[in-house]
>>> print(open('run34.cif').read())   # mmCIF, C-alpha atoms
data_run
#
loop_
_atom_site.group_PDB
_atom_site.id
_atom_site.type_symbol
_atom_site.label_atom_id
_atom_site.label_comp_id
_atom_site.auth_asym_id
_atom_site.auth_seq_id
_atom_site.Cartn_x
_atom_site.Cartn_y
_atom_site.Cartn_z
ATOM 1 C CA MET R 1 56.766 107.537 -6.031
ATOM 2 C CA SER R 2 53.970 110.077 -6.042
ATOM 3 C CA GLU R 3 51.818 110.892 -3.038
ATOM 4 C CA LYS R 4 48.866 109.236 -4.746
ATOM 5 C CA ASP R 5 50.829 106.005 -5.219
ATOM 6 C CA LYS R 6 51.918 106.068 -1.585
ATOM 7 C CA TYR R 7 48.344 106.600 -0.467
ATOM 8 C CA LEU R 8 47.028 103.758 -2.641
ATOM 9 C CA GLU R 9 49.790 101.470 -1.430
ATOM 10 C CA LYS R 10 48.801 102.267 2.143
ATOM 11 C CA LEU R 11 45.088 101.589 1.498
ATOM 12 C CA LYS R 12 45.469 98.343 -0.444
ATOM 13 C CA PRO R 13 46.049 96.140 2.651
ATOM 14 C CA LEU R 14 43.032 97.727 4.319
ATOM 15 C CA LEU R 15 40.812 97.004 1.324
ATOM 16 C CA ASP R 16 42.163 93.452 1.103
ATOM 17 C CA ASN R 17 41.333 92.957 4.775
ATOM 18 C CA TRP R 18 37.790 94.250 4.295
ATOM 19 C CA ASN R 19 37.321 91.947 1.320
ATOM 20 C CA ALA R 20 38.465 88.979 3.400
ATOM 21 C CA GLU R 21 36.038 89.935 6.179
ATOM 22 C CA PHE R 22 33.178 90.247 3.669
ATOM 23 C CA ASP R 23 34.012 86.818 2.263
ATOM 24 C CA GLU R 24 34.048 85.357 5.779
ATOM 25 C CA LEU R 25 30.656 86.896 6.545
ATOM 26 C CA GLU R 26 29.215 85.531 3.326
ATOM 27 C CA ALA R 27 30.498 82.040 4.138
ATOM 28 C CA LYS R 28 28.924 82.182 7.596
ATOM 29 C CA ILE R 29 25.618 83.296 6.100
ATOM 30 C CA ARG R 30 25.623 80.472 3.576
ATOM 31 C CA MET R 31 26.402 77.917 6.281
ATOM 32 C CA SER R 32 23.668 79.175 8.591
ATOM 33 C CA GLY R 33 20.870 78.646 6.098
ATOM 34 C CA ALA R 34 18.822 81.066 8.184
ATOM 35 C CA ASP R 35 15.997 83.219 6.865
ATOM 36 C CA PRO R 36 17.796 86.519 7.575
ATOM 37 C CA LYS R 37 20.230 85.586 4.801
ATOM 38 C CA ASP R 38 18.586 88.067 2.434
ATOM 39 C CA ASP R 39 19.038 90.862 4.963
ATOM 40 C CA TYR R 40 22.719 90.009 5.418
ATOM 41 C CA ASP R 41 23.245 89.839 1.666
ATOM 42 C CA GLU R 42 21.815 93.335 1.329
ATOM 43 C CA VAL R 43 24.059 94.679 4.089
ATOM 44 C CA ILE R 44 27.169 93.089 2.608
ATOM 45 C CA THR R 45 26.323 94.397 -0.851
ATOM 46 C CA ALA R 46 25.830 97.887 0.569
ATOM 47 C CA LEU R 47 29.130 97.699 2.445
ATOM 48 C CA ARG R 48 30.970 96.578 -0.668
ATOM 49 C CA GLN R 49 29.512 99.490 -2.639
ATOM 50 C CA HIS R 50 30.403 101.951 0.103
ATOM 51 C CA ARG R 51 33.968 100.651 0.206
#
>>> encode(input="run34.cif", output="structure tokens")
Amino acid sequence: MSEKDKYLEKLKPLLDNWNAEFDELEAKIRMSGADPKDDYDEVITALRQHR
């Protein structure tokens, strides 16, 4: 296994965890029905792009 494959294998659980946290945040936002929803959507979208 190459170093790149080892590195990707190591990062995959981290990325999966971040994705789960993003999904949880989105669910909380949808349930809140609050006005700041648009702000949170922008932050989550930015975080996903940065990931």
>>> residues_around(input="run34.cif", residues="range 16-23 of chain R", least_positions_apart="6", cutoff="10 Å", atoms="all atoms listed in the file", output="list of chain:residue names")
R:Ile29, R:Ile44, R:Thr45, R:Leu47, R:Arg48, R:Arg51
>>> atom_distance(input="run34.cif", atom1="CA of Lys4 in chain R", atom2="CA of His50 in chain R")
20.4 Å
>>> atom_distance(input="run34.cif", atom1="CA of Lys12 in chain R", atom2="CA of Glu26 in chain R")
21.0 Å
>>> atom_distance(input="run34.cif", atom1="CA of Pro13 in chain R", atom2="CA of Tyr40 in chain R")
24.3 Å
